[in-house]
Each structure stands twice: as C-alpha cells, then as structure tokens.
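A.B. asks: Next up, run.pdb (PDB, N, CA and C atoms).
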MODEL        1
ATOM      1  N   MET X   1     104.439  94.583  78.046  1.00  0.00           N
ATOM      2  CA  MET X   1     103.769  93.360  78.392  1.00  0.00           C
ATOM      3  C   MET X   1     102.372  93.405  77.787  1.00  0.00           C
ATOM      4  N   ASN X   2     102.116  92.647  76.774  1.00  0.00           N
ATOM      5  CA  ASN X   2     100.812  92.632  76.108  1.00  0.00           C
ATOM      6  C   ASN X   2     100.069  91.351  76.427  1.00  0.00           C
ATOM      7  N   THR X   3      99.654  91.211  77.664  1.00  0.00           N
ATOM      8  CA  THR X   3      98.938  90.019  78.087  1.00  0.00           C
ATOM      9  C   THR X   3      97.554  90.415  78.572  1.00  0.00           C
ATOM     10  N   PRO X   4      96.569  90.327  77.694  1.00  0.00           N
ATOM     11  CA  PRO X   4      95.216  90.663  78.143  1.00  0.00           C
ATOM     12  C   PRO X   4      94.700  89.584  79.085  1.00  0.00           C
ATOM     13  N   ILE X   5      94.040  90.017  80.135  1.00  0.00           N
ATOM     14  CA  ILE X   5      93.456  89.073  81.070  1.00  0.00           C
ATOM     15  C   ILE X   5      91.958  89.028  80.806  1.00  0.00           C
ATOM     16  N   HIS X   6      91.503  87.879  80.393  1.00  0.00           N
ATOM     17  CA  HIS X   6      90.072  87.703  80.204  1.00  0.00           C
ATOM     18  C   HIS X   6      89.474  87.143  81.492  1.00  0.00           C
ATOM     19  N   SER X   7      90.114  86.129  82.019  1.00  0.00           N
ATOM     20  CA  SER X   7      89.643  85.549  83.266  1.00  0.00           C
ATOM     21  C   SER X   7      90.702  84.598  83.799  1.00  0.00           C
ATOM     22  N   ILE X   8      90.990  84.760  85.054  1.00  0.00           N
ATOM     23  CA  ILE X   8      91.867  83.828  85.747  1.00  0.00           C
ATOM     24  C   ILE X   8      91.138  83.434  87.023  1.00  0.00           C
ATOM     25  N   SER X   9      90.997  82.162  87.212  1.00  0.00           N
ATOM     26  CA  SER X   9      90.299  81.679  88.397  1.00  0.00           C
ATOM     27  C   SER X   9      91.281  80.920  89.268  1.00  0.00           C
ATOM     28  N   VAL X  10      91.427  81.381  90.494  1.00  0.00           N
ATOM     29  CA  VAL X  10      92.313  80.730  91.454  1.00  0.00           C
ATOM     30  C   VAL X  10      91.494  80.435  92.699  1.00  0.00           C
ATOM     31  N   ASP X  11      91.495  79.195  93.107  1.00  0.00           N
ATOM     32  CA  ASP X  11      90.776  78.796  94.317  1.00  0.00           C
ATOM     33  C   ASP X  11      91.785  78.617  95.452  1.00  0.00           C
ATOM     34  N   PHE X  12      91.546  79.309  96.543  1.00  0.00           N
ATOM     35  CA  PHE X  12      92.397  79.188  97.714  1.00  0.00           C
ATOM     36  C   PHE X  12      91.666  78.336  98.745  1.00  0.00           C
ATOM     37  N   ASP X  13      92.363  77.364  99.320  1.00  0.00           N
ATOM     38  CA  ASP X  13      91.782  76.547 100.377  1.00  0.00           C
ATOM     39  C   ASP X  13      91.902  77.227 101.733  1.00  0.00           C
ATOM     40  N   HIS X  14      92.870  78.094 101.863  1.00  0.00           N
ATOM     41  CA  HIS X  14      93.113  78.748 103.143  1.00  0.00           C
ATOM     42  C   HIS X  14      93.704  80.123 102.879  1.00  0.00           C
ATOM     43  N   VAL X  15      93.470  81.048 103.791  1.00  0.00           N
ATOM     44  CA  VAL X  15      93.962  82.415 103.623  1.00  0.00           C
ATOM     45  C   VAL X  15      95.495  82.449 103.524  1.00  0.00           C
ATOM     46  N   SER X  16      96.168  81.485 104.111  1.00  0.00           N
ATOM     47  CA  SER X  16      97.639  81.469 104.048  1.00  0.00           C
ATOM     48  C   SER X  16      98.133  81.320 102.606  1.00  0.00           C
ATOM     49  N   GLU X  17      97.392  80.606 101.780  1.00  0.00           N
ATOM     50  CA  GLU X  17      97.775  80.456 100.368  1.00  0.00           C
ATOM     51  C   GLU X  17      97.674  81.788  99.641  1.00  0.00           C
ATOM     52  N   ALA X  18      96.625  82.538  99.914  1.00  0.00           N
ATOM     53  CA  ALA X  18      96.451  83.847  99.283  1.00  0.00           C
ATOM     54  C   ALA X  18      97.531  84.812  99.759  1.00  0.00           C
ATOM     55  N   ARG X  19      97.851  84.758 101.046  1.00  0.00           N
ATOM     56  CA  ARG X  19      98.910  85.622 101.577  1.00  0.00           C
ATOM     57  C   ARG X  19     100.260  85.290 100.943  1.00  0.00           C
ATOM     58  N   PHE X  20     100.519  83.996 100.748  1.00  0.00           N
ATOM     59  CA  PHE X  20     101.778  83.584 100.125  1.00  0.00           C
ATOM     60  C   PHE X  20     101.877  84.122  98.700  1.00  0.00           C
ATOM     61  N   LEU X  21     100.809  83.970  97.915  1.00  0.00           N
ATOM     62  CA  LEU X  21     100.808  84.484  96.546  1.00  0.00           C
ATOM     63  C   LEU X  21     100.996  85.996  96.544  1.00  0.00           C
ATOM     64  N   HIS X  22     100.392  86.687  97.496  1.00  0.00           N
ATOM     65  CA  HIS X  22     100.549  88.133  97.615  1.00  0.00           C
ATOM     66  C   HIS X  22     102.023  88.491  97.831  1.00  0.00           C
ATOM     67  N   ARG X  23     102.692  87.753  98.728  1.00  0.00           N
ATOM     68  CA  ARG X  23     104.119  88.008  98.978  1.00  0.00           C
ATOM     69  C   ARG X  23     104.968  87.729  97.740  1.00  0.00           C
ATOM     70  N   VAL X  24     104.628  86.679  97.008  1.00  0.00           N
ATOM     71  CA  VAL X  24     105.379  86.345  95.792  1.00  0.00           C
ATOM     72  C   VAL X  24     105.267  87.470  94.770  1.00  0.00           C
ATOM     73  N   ILE X  25     104.059  87.965  94.567  1.00  0.00           N
ATOM     74  CA  ILE X  25     103.855  89.041  93.592  1.00  0.00           C
ATOM     75  C   ILE X  25     104.549  90.318  94.055  1.00  0.00           C
ATOM     76  N   LEU X  26     104.496  90.599  95.364  1.00  0.00           N
ATOM     77  CA  LEU X  26     105.220  91.768  95.875  1.00  0.00           C
ATOM     78  C   LEU X  26     106.708  91.668  95.561  1.00  0.00           C
ATOM     79  N   GLY X  27     107.235  90.455  95.554  1.00  0.00           N
ATOM     80  CA  GLY X  27     108.641  90.241  95.227  1.00  0.00           C
ATOM     81  C   GLY X  27     108.994  90.610  93.795  1.00  0.00           C
ATOM     82  N   TYR X  28     107.997  90.634  92.932  1.00  0.00           N
ATOM     83  CA  TYR X  28     108.225  91.007  91.534  1.00  0.00           C
ATOM     84  C   TYR X  28     108.076  92.506  91.284  1.00  0.00           C
ATOM     85  N   MET X  29     107.683  93.237  92.304  1.00  0.00           N
ATOM     86  CA  MET X  29     107.547  94.687  92.168  1.00  0.00           C
ATOM     87  C   MET X  29     108.930  95.319  92.339  1.00  0.00           C
ATOM     88  N   HIS X  30     109.463  95.886  91.270  1.00  0.00           N
ATOM     89  CA  HIS X  30     110.787  96.501  91.281  1.00  0.00           C
ATOM     90  C   HIS X  30     110.716  97.880  90.635  1.00  0.00           C
ATOM     91  N   PRO X  31     111.571  98.786  91.077  1.00  0.00           N
ATOM     92  CA  PRO X  31     111.610 100.108  90.445  1.00  0.00           C
ATOM     93  C   PRO X  31     111.956 100.040  88.956  1.00  0.00           C
ATOM     94  N   SER X  32     112.629  98.959  88.550  1.00  0.00           N
ATOM     95  CA  SER X  32     113.026  98.845  87.148  1.00  0.00           C
ATOM     96  C   SER X  32     111.891  98.351  86.251  1.00  0.00           C
ATOM     97  N   ASN X  33     110.760  97.955  86.839  1.00  0.00           N
ATOM     98  CA  ASN X  33     109.617  97.515  86.034  1.00  0.00           C
ATOM     99  C   ASN X  33     109.059  98.683  85.228  1.00  0.00           C
ATOM    100  N   SER X  34     108.503  98.352  84.091  1.00  0.00           N
ATOM    101  CA  SER X  34     107.832  99.377  83.298  1.00  0.00           C
ATOM    102  C   SER X  34     106.512  99.727  83.970  1.00  0.00           C
ATOM    103  N   ALA X  35     105.933 100.838  83.574  1.00  0.00           N
ATOM    104  CA  ALA X  35     104.640 101.258  84.118  1.00  0.00           C
ATOM    105  C   ALA X  35     103.577 100.205  83.810  1.00  0.00           C
ATOM    106  N   GLU X  36     103.676  99.605  82.645  1.00  0.00           N
ATOM    107  CA  GLU X  36     102.720  98.576  82.245  1.00  0.00           C
ATOM    108  C   GLU X  36     102.814  97.352  83.167  1.00  0.00           C
ATOM    109  N   GLN X  37     104.035  96.942  83.481  1.00  0.00           N
ATOM    110  CA  GLN X  37     104.226  95.817  84.396  1.00  0.00           C
ATOM    111  C   GLN X  37     103.695  96.155  85.788  1.00  0.00           C
ATOM    112  N   ASP X  38     103.996  97.353  86.257  1.00  0.00           N
ATOM    113  CA  ASP X  38     103.513  97.770  87.575  1.00  0.00           C
ATOM    114  C   ASP X  38     101.988  97.786  87.629  1.00  0.00           C
ATOM    115  N   ASN X  39     101.353  98.279  86.584  1.00  0.00           N
ATOM    116  CA  ASN X  39      99.888  98.313  86.537  1.00  0.00           C
ATOM    117  C   ASN X  39      99.309  96.902  86.576  1.00  0.00           C
ATOM    118  N   TYR X  40      99.922  96.002  85.825  1.00  0.00           N
ATOM    119  CA  TYR X  40      99.465  94.605  85.776  1.00  0.00           C
ATOM    120  C   TYR X  40      99.587  93.962  87.160  1.00  0.00           C
ATOM    121  N   LEU X  41     100.766  94.087  87.767  1.00  0.00           N
ATOM    122  CA  LEU X  41     101.000  93.473  89.074  1.00  0.00           C
ATOM    123  C   LEU X  41     100.147  94.130  90.155  1.00  0.00           C
ATOM    124  N   SER X  42      99.966  95.436  90.066  1.00  0.00           N
ATOM    125  CA  SER X  42      99.132  96.141  91.049  1.00  0.00           C
ATOM    126  C   SER X  42      97.690  95.653  90.986  1.00  0.00           C
ATOM    127  N   GLY X  43      97.204  95.416  89.786  1.00  0.00           N
ATOM    128  CA  GLY X  43      95.848  94.891  89.625  1.00  0.00           C
ATOM    129  C   GLY X  43      95.702  93.512  90.252  1.00  0.00           C
ATOM    130  N   LEU X  44      96.716  92.676  90.064  1.00  0.00           N
ATOM    131  CA  LEU X  44      96.691  91.354  90.692  1.00  0.00           C
ATOM    132  C   LEU X  44      96.708  91.468  92.207  1.00  0.00           C
ATOM    133  N   LEU X  45      97.542  92.363  92.723  1.00  0.00           N
ATOM    134  CA  LEU X  45      97.632  92.534  94.173  1.00  0.00           C
ATOM    135  C   LEU X  45      96.301  92.966  94.770  1.00  0.00           C
ATOM    136  N   ILE X  46      95.608  93.864  94.100  1.00  0.00           N
ATOM    137  CA  ILE X  46      94.308  94.336  94.594  1.00  0.00           C
ATOM    138  C   ILE X  46      93.319  93.176  94.665  1.00  0.00           C
ATOM    139  N   GLN X  47      93.301  92.349  93.634  1.00  0.00           N
ATOM    140  CA  GLN X  47      92.377  91.216  93.619  1.00  0.00           C
ATOM    141  C   GLN X  47      92.723  90.214  94.717  1.00  0.00           C
ATOM    142  N   ILE X  48      94.002  89.986  94.935  1.00  0.00           N
ATOM    143  CA  ILE X  48      94.411  89.040  95.972  1.00  0.00           C
ATOM    144  C   ILE X  48      94.109  89.603  97.358  1.00  0.00           C
ATOM    145  N   GLU X  49      94.294  90.901  97.540  1.00  0.00           N
ATOM    146  CA  GLU X  49      93.954  91.523  98.824  1.00  0.00           C
ATOM    147  C   GLU X  49      92.463  91.375  99.116  1.00  0.00           C
ATOM    148  N   GLU X  50      91.633  91.504  98.095  1.00  0.00           N
ATOM    149  CA  GLU X  50      90.195  91.315  98.276  1.00  0.00           C
ATOM    150  C   GLU X  50      89.884  89.867  98.644  1.00  0.00           C
ATOM    151  N   ALA X  51      90.592  88.929  98.025  1.00  0.00           N
ATOM    152  CA  ALA X  51      90.397  87.514  98.350  1.00  0.00           C
ATOM    153  C   ALA X  51      90.829  87.232  99.784  1.00  0.00           C
ATOM    154  N   ILE X  52      91.916  87.851 100.219  1.00  0.00           N
ATOM    155  CA  ILE X  52      92.391  87.670 101.593  1.00  0.00           C
ATOM    156  C   ILE X  52      91.332  88.167 102.571  1.00  0.00           C
ATOM    157  N   GLU X  53      90.781  89.337 102.317  1.00  0.00           N
ATOM    158  CA  GLU X  53      89.743  89.881 103.193  1.00  0.00           C
ATOM    159  C   GLU X  53      88.530  88.965 103.266  1.00  0.00           C
ATOM    160  N   LEU X  54      88.121  88.443 102.125  1.00  0.00           N
ATOM    161  CA  LEU X  54      86.976  87.534 102.092  1.00  0.00           C
ATOM    162  C   LEU X  54      87.268  86.259 102.875  1.00  0.00           C
ATOM    163  N   LEU X  55      88.423  85.664 102.634  1.00  0.00           N
ATOM    164  CA  LEU X  55      88.774  84.426 103.339  1.00  0.00           C
ATOM    165  C   LEU X  55      88.889  84.658 104.849  1.00  0.00           C
ATOM    166  N   GLU X  56      89.446  85.787 105.232  1.00  0.00           N
ATOM    167  CA  GLU X  56      89.547  86.089 106.661  1.00  0.00           C
ATOM    168  C   GLU X  56      88.169  86.221 107.291  1.00  0.00           C
ATOM    169  N   SER X  57      87.240  86.821 106.578  1.00  0.00           N
ATOM    170  CA  SER X  57      85.892  86.975 107.125  1.00  0.00           C
ATOM    171  C   SER X  57      85.181  85.631 107.225  1.00  0.00           C
ATOM    172  N   LEU X  58      85.495  84.706 106.322  1.00  0.00           N
ATOM    173  CA  LEU X  58      84.860  83.390 106.360  1.00  0.00           C
ATOM    174  C   LEU X  58      85.450  82.508 107.464  1.00  0.00           C
ATOM    175  N   GLU X  59      86.728  82.738 107.767  1.00  0.00           N
ATOM    176  CA  GLU X  59      87.406  81.929 108.786  1.00  0.00           C
ATOM    177  C   GLU X  59      87.136  82.431 110.195  1.00  0.00           C
ATOM    178  N   ALA X  60      86.624  83.641 110.323  1.00  0.00           N
ATOM    179  CA  ALA X  60      86.398  84.215 111.663  1.00  0.00           C
ATOM    180  C   ALA X  60      85.215  83.596 112.352  1.00  0.00           C
TER
ENDMDL
END
Can the structure in the file be given as structure tokens, please?

C.D. replies:
Amino acid sequence: MNTPIHSISVDFDHVSEARFLHRVILGYMHPSNSAEQDNYLSGLLIQIEEAIELLESLEA
C-alpha cells in the first residue's frame, strides 16, 4: 500500500461519529493484512482514539 498521507482532516460533530469510524477501521484489521496495511490502519486508529478522548473531554 503506497499511500502517503500528507493531511486528512475529519470533523466530528459528536463523539459517536468518531467511535463509529473507529469500529469501521477495526473491522478492516485482519491477520491476512500485510504489515504495511496494519501500520497504516494502526496509525489511523491512534489518531481517532485521540479524537475520541478530546471529544469526550469537551462533552463532559
């Protein structure tokens, strides 16, 4: 997978949207994925988890 990420901007209106995207990406995590795919998806998951934490702190 040769997809360089320069910048992706996603705006979430509610933490539920970020949680949903997190679940969708988790669904793409398979043992048959290459290491490169796993690294890419893992990086996305980390960023979404950080967004979830931020949104939860703002909603509290």

A.B. asks: One decimal, in Å: what's the spacing between atom N of Leu58 in chain X and atom C of Ala18 in chain X?

C.D. replies: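 According to the coordinates, atom N of Leu58 in chain X and atom C of Ala18 in chain X are separated by 13.7 Å.
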
A.B. asks: When DSSP works through the backbone of this structure, what residues of chain X end up as alpha helix (DSSP H), shown as a compact mmCIF listing (two decimals) with N, CA and C atoms, in the coordinates of the input?

C.D. replies:
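Full text of out-v8.txt as output:
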# COMPACT_ATOMS: atom_id res chain seq x y z
N VAL X 15 93.47 81.05 103.79
CA VAL X 15 93.96 82.42 103.62
C VAL X 15 95.50 82.45 103.52
N SER X 16 96.17 81.48 104.11
CA SER X 16 97.64 81.47 104.05
C SER X 16 98.13 81.32 102.61
N GLU X 17 97.39 80.61 101.78
CA GLU X 17 97.78 80.46 100.37
C GLU X 17 97.67 81.79 99.64
N ALA X 18 96.62 82.54 99.91
CA ALA X 18 96.45 83.85 99.28
C ALA X 18 97.53 84.81 99.76
N ARG X 19 97.85 84.76 101.05
CA ARG X 19 98.91 85.62 101.58
C ARG X 19 100.26 85.29 100.94
N PHE X 20 100.52 84.00 100.75
CA PHE X 20 101.78 83.58 100.12
C PHE X 20 101.88 84.12 98.70
N LEU X 21 100.81 83.97 97.92
CA LEU X 21 100.81 84.48 96.55
C LEU X 21 101.00 86.00 96.54
N HIS X 22 100.39 86.69 97.50
CA HIS X 22 100.55 88.13 97.62
C HIS X 22 102.02 88.49 97.83
N ARG X 23 102.69 87.75 98.73
CA ARG X 23 104.12 88.01 98.98
C ARG X 23 104.97 87.73 97.74
N VAL X 24 104.63 86.68 97.01
CA VAL X 24 105.38 86.34 95.79
C VAL X 24 105.27 87.47 94.77
N ILE X 25 104.06 87.96 94.57
CA ILE X 25 103.86 89.04 93.59
C ILE X 25 104.55 90.32 94.06
N LEU X 26 104.50 90.60 95.36
CA LEU X 26 105.22 91.77 95.88
C LEU X 26 106.71 91.67 95.56
N GLY X 27 107.24 90.46 95.55
CA GLY X 27 108.64 90.24 95.23
C GLY X 27 108.99 90.61 93.80
N ALA X 35 105.93 100.84 83.57
CA ALA X 35 104.64 101.26 84.12
C ALA X 35 103.58 100.20 83.81
N GLU X 36 103.68 99.60 82.64
CA GLU X 36 102.72 98.58 82.24
C GLU X 36 102.81 97.35 83.17
N GLN X 37 104.04 96.94 83.48
CA GLN X 37 104.23 95.82 84.40
C GLN X 37 103.70 96.16 85.79
N ASP X 38 104.00 97.35 86.26
CA ASP X 38 103.51 97.77 87.58
C ASP X 38 101.99 97.79 87.63
N ASN X 39 101.35 98.28 86.58
CA ASN X 39 99.89 98.31 86.54
C ASN X 39 99.31 96.90 86.58
N TYR X 40 99.92 96.00 85.82
CA TYR X 40 99.46 94.60 85.78
C TYR X 40 99.59 93.96 87.16
N LEU X 41 100.77 94.09 87.77
CA LEU X 41 101.00 93.47 89.07
C LEU X 41 100.15 94.13 90.16
N SER X 42 99.97 95.44 90.07
CA SER X 42 99.13 96.14 91.05
C SER X 42 97.69 95.65 90.99
N GLY X 43 97.20 95.42 89.79
CA GLY X 43 95.85 94.89 89.62
C GLY X 43 95.70 93.51 90.25
N LEU X 44 96.72 92.68 90.06
CA LEU X 44 96.69 91.35 90.69
C LEU X 44 96.71 91.47 92.21
N LEU X 45 97.54 92.36 92.72
CA LEU X 45 97.63 92.53 94.17
C LEU X 45 96.30 92.97 94.77
N ILE X 46 95.61 93.86 94.10
CA ILE X 46 94.31 94.34 94.59
C ILE X 46 93.32 93.18 94.66
N GLN X 47 93.30 92.35 93.63
CA GLN X 47 92.38 91.22 93.62
C GLN X 47 92.72 90.21 94.72
N ILE X 48 94.00 89.99 94.94
CA ILE X 48 94.41 89.04 95.97
C ILE X 48 94.11 89.60 97.36
N GLU X 49 94.29 90.90 97.54
CA GLU X 49 93.95 91.52 98.82
C GLU X 49 92.46 91.38 99.12
N GLU X 50 91.63 91.50 98.10
CA GLU X 50 90.20 91.32 98.28
C GLU X 50 89.88 89.87 98.64
N ALA X 51 90.59 88.93 98.02
CA ALA X 51 90.40 87.51 98.35
C ALA X 51 90.83 87.23 99.78
N ILE X 52 91.92 87.85 100.22
CA ILE X 52 92.39 87.67 101.59
C ILE X 52 91.33 88.17 102.57
N GLU X 53 90.78 89.34 102.32
CA GLU X 53 89.74 89.88 103.19
C GLU X 53 88.53 88.96 103.27
N LEU X 54 88.12 88.44 102.12
CA LEU X 54 86.98 87.53 102.09
C LEU X 54 87.27 86.26 102.88
N LEU X 55 88.42 85.66 102.63
CA LEU X 55 88.77 84.43 103.34
C LEU X 55 88.89 84.66 104.85
N GLU X 56 89.45 85.79 105.23
CA GLU X 56 89.55 86.09 106.66
C GLU X 56 88.17 86.22 107.29
N SER X 57 87.24 86.82 106.58
CA SER X 57 85.89 86.98 107.12
C SER X 57 85.18 85.63 107.22
N LEU X 58 85.50 84.71 106.32
CA LEU X 58 84.86 83.39 106.36
C LEU X 58 85.45 82.51 107.46
N GLU X 59 86.73 82.74 107.77
CA GLU X 59 87.41 81.93 108.79
C GLU X 59 87.14 82.43 110.20

A.B. asks: Using the chain letters and residue numbers of this document, give as a PDB file with N, CA and C atoms, keeping the file's coordinate frame the residues selected by the PyMOL selection byres (((chain X and resi 47-54 and name CA) around 9) and name CA).

C.D. replies:
ATOM      1  N   PHE X  12      91.546  79.309  96.543  1.00  0.00           N
ATOM      2  CA  PHE X  12      92.397  79.188  97.714  1.00  0.00           C
ATOM      3  C   PHE X  12      91.666  78.336  98.745  1.00  0.00           C
ATOM      4  N   VAL X  15      93.470  81.048 103.791  1.00  0.00           N
ATOM      5  CA  VAL X  15      93.962  82.415 103.623  1.00  0.00           C
ATOM      6  C   VAL X  15      95.495  82.449 103.524  1.00  0.00           C
ATOM      7  N   SER X  16      96.168  81.485 104.111  1.00  0.00           N
ATOM      8  CA  SER X  16      97.639  81.469 104.048  1.00  0.00           C
ATOM      9  C   SER X  16      98.133  81.320 102.606  1.00  0.00           C
ATOM     10  N   ALA X  18      96.625  82.538  99.914  1.00  0.00           N
ATOM     11  CA  ALA X  18      96.451  83.847  99.283  1.00  0.00           C
ATOM     12  C   ALA X  18      97.531  84.812  99.759  1.00  0.00           C
ATOM     13  N   ARG X  19      97.851  84.758 101.046  1.00  0.00           N
ATOM     14  CA  ARG X  19      98.910  85.622 101.577  1.00  0.00           C
ATOM     15  C   ARG X  19     100.260  85.290 100.943  1.00  0.00           C
ATOM     16  N   LEU X  21     100.809  83.970  97.915  1.00  0.00           N
ATOM     17  CA  LEU X  21     100.808  84.484  96.546  1.00  0.00           C
ATOM     18  C   LEU X  21     100.996  85.996  96.544  1.00  0.00           C
ATOM     19  N   HIS X  22     100.392  86.687  97.496  1.00  0.00           N
ATOM     20  CA  HIS X  22     100.549  88.133  97.615  1.00  0.00           C
ATOM     21  C   HIS X  22     102.023  88.491  97.831  1.00  0.00           C
ATOM     22  N   SER X  42      99.966  95.436  90.066  1.00  0.00           N
ATOM     23  CA  SER X  42      99.132  96.141  91.049  1.00  0.00           C
ATOM     24  C   SER X  42      97.690  95.653  90.986  1.00  0.00           C
ATOM     25  N   GLY X  43      97.204  95.416  89.786  1.00  0.00           N
ATOM     26  CA  GLY X  43      95.848  94.891  89.625  1.00  0.00           C
ATOM     27  C   GLY X  43      95.702  93.512  90.252  1.00  0.00           C
ATOM     28  N   LEU X  44      96.716  92.676  90.064  1.00  0.00           N
ATOM     29  CA  LEU X  44      96.691  91.354  90.692  1.00  0.00           C
ATOM     30  C   LEU X  44      96.708  91.468  92.207  1.00  0.00           C
ATOM     31  N   LEU X  45      97.542  92.363  92.723  1.00  0.00           N
ATOM     32  CA  LEU X  45      97.632  92.534  94.173  1.00  0.00           C
ATOM     33  C   LEU X  45      96.301  92.966  94.770  1.00  0.00           C
ATOM     34  N   ILE X  46      95.608  93.864  94.100  1.00  0.00           N
ATOM     35  CA  ILE X  46      94.308  94.336  94.594  1.00  0.00           C
ATOM     36  C   ILE X  46      93.319  93.176  94.665  1.00  0.00           C
ATOM     37  N   LEU X  55      88.423  85.664 102.634  1.00  0.00           N
ATOM     38  CA  LEU X  55      88.774  84.426 103.339  1.00  0.00           C
ATOM     39  C   LEU X  55      88.889  84.658 104.849  1.00  0.00           C
ATOM     40  N   GLU X  56      89.446  85.787 105.232  1.00  0.00           N
ATOM     41  CA  GLU X  56      89.547  86.089 106.661  1.00  0.00           C
ATOM     42  C   GLU X  56      88.169  86.221 107.291  1.00  0.00           C
ATOM     43  N   SER X  57      87.240  86.821 106.578  1.00  0.00           N
ATOM     44  CA  SER X  57      85.892  86.975 107.125  1.00  0.00           C
ATOM     45  C   SER X  57      85.181  85.631 107.225  1.00  0.00           C
ATOM     46  N   LEU X  58      85.495  84.706 106.322  1.00  0.00           N
ATOM     47  CA  LEU X  58      84.860  83.390 106.360  1.00  0.00           C
ATOM     48  C   LEU X  58      85.450  82.508 107.464  1.00  0.00           C
ATOM     49  N   GLU X  59      86.728  82.738 107.767  1.00  0.00           N
ATOM     50  CA  GLU X  59      87.406  81.929 108.786  1.00  0.00           C
ATOM     51  C   GLU X  59      87.136  82.431 110.195  1.00  0.00           C
TER      52      GLU X  59
END

A.B. asks: Which value, in Å to one decimal, gives the distance between atom N of His14 in chain X and atom C of Asn39 in chain X?

C.D. replies: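 Separation of atom N of His14 in chain X and atom C of Asn39 in chain X: 25.1 Å.
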
A.B. asks: Just checking: using only C-alpha atoms, which residue out of X:Val24, X:Ala60, X:Val10, X:Met29 ends up closest to Leu41 in chain X?

C.D. replies: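 Among X:Val24, X:Ala60, X:Val10, X:Met29, it is X:Met29 that comes nearest to Leu41 in chain X.
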
A.B. asks: With 4 Å of padding per side, what axis-aligned box (centre and edge lengths, Å, one decimal) covers all the listed atoms of range 17-24 of chain X? Give it as AutoDock Vina command-line options.

C.D. replies:
--center_x 100.9 --center_y 84.5 --center_z 98.3 --size_x 16.9 --size_y 16.0 --size_z 15.0

A.B. asks: Figure out the distance between atom N of Leu26 in chain X and CA of Asp11 in chain X, please, to one decimal in Å.

C.D. replies: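 Answer for the CA of Asp11 in chain X to atom N of Leu26 in chain X separation: 18.1 Å.
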
A.B. asks: Take the structure in the block and write a file for range 10-15 of chain X, all heavy atoms, as a short mmCIF file (atom, residue, chain, number, x, y, z; two decimals), in the first residue's frame.

C.D. replies:
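Final output, saved to part02.cif:
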data_model
loop_
_atom_site.label_atom_id
_atom_site.label_comp_id
_atom_site.auth_asym_id
_atom_site.auth_seq_id
_atom_site.Cartn_x
_atom_site.Cartn_y
_atom_site.Cartn_z
N VAL X 10 -10.78 15.48 9.29
CA VAL X 10 -12.13 14.96 9.51
C VAL X 10 -12.71 15.69 10.71
O VAL X 10 -12.10 15.73 11.77
CB VAL X 10 -12.11 13.44 9.78
CG1 VAL X 10 -13.51 12.93 10.02
CG2 VAL X 10 -11.45 12.70 8.63
N ASP X 11 -13.86 16.28 10.52
CA ASP X 11 -14.54 16.98 11.61
C ASP X 11 -15.67 16.10 12.13
O ASP X 11 -16.54 15.68 11.37
CB ASP X 11 -15.11 18.32 11.14
CG ASP X 11 -14.04 19.32 10.77
OD1 ASP X 11 -12.99 19.32 11.44
OD2 ASP X 11 -14.25 20.09 9.82
N PHE X 12 -15.65 15.85 13.42
CA PHE X 12 -16.70 15.07 14.05
C PHE X 12 -17.62 16.03 14.80
O PHE X 12 -17.15 16.89 15.54
CB PHE X 12 -16.11 14.06 15.04
CG PHE X 12 -15.21 13.04 14.41
CD1 PHE X 12 -13.85 13.07 14.64
CD2 PHE X 12 -15.73 12.05 13.58
CE1 PHE X 12 -13.01 12.13 14.06
CE2 PHE X 12 -14.90 11.11 13.01
CZ PHE X 12 -13.54 11.14 13.24
N ASP X 13 -18.93 15.87 14.63
CA ASP X 13 -19.89 16.68 15.36
C ASP X 13 -20.16 16.10 16.74
O ASP X 13 -20.56 16.82 17.65
CB ASP X 13 -21.22 16.78 14.60
CG ASP X 13 -21.08 17.63 13.35
OD1 ASP X 13 -20.32 18.60 13.37
OD2 ASP X 13 -21.75 17.30 12.36
N HIS X 14 -19.95 14.82 16.88
CA HIS X 14 -20.25 14.16 18.15
C HIS X 14 -19.30 12.98 18.31
O HIS X 14 -18.84 12.40 17.33
CB HIS X 14 -21.71 13.68 18.15
CG HIS X 14 -22.18 13.25 19.48
ND1 HIS X 14 -22.15 11.93 19.89
CD2 HIS X 14 -22.69 13.95 20.52
CE1 HIS X 14 -22.63 11.85 21.11
NE2 HIS X 14 -22.97 13.06 21.52
N VAL X 15 -19.01 12.62 19.54
CA VAL X 15 -18.09 11.52 19.82
C VAL X 15 -18.60 10.20 19.22
O VAL X 15 -17.80 9.34 18.85
CB VAL X 15 -17.81 11.40 21.33
CG1 VAL X 15 -19.02 10.88 22.07
CG2 VAL X 15 -16.60 10.51 21.59
#
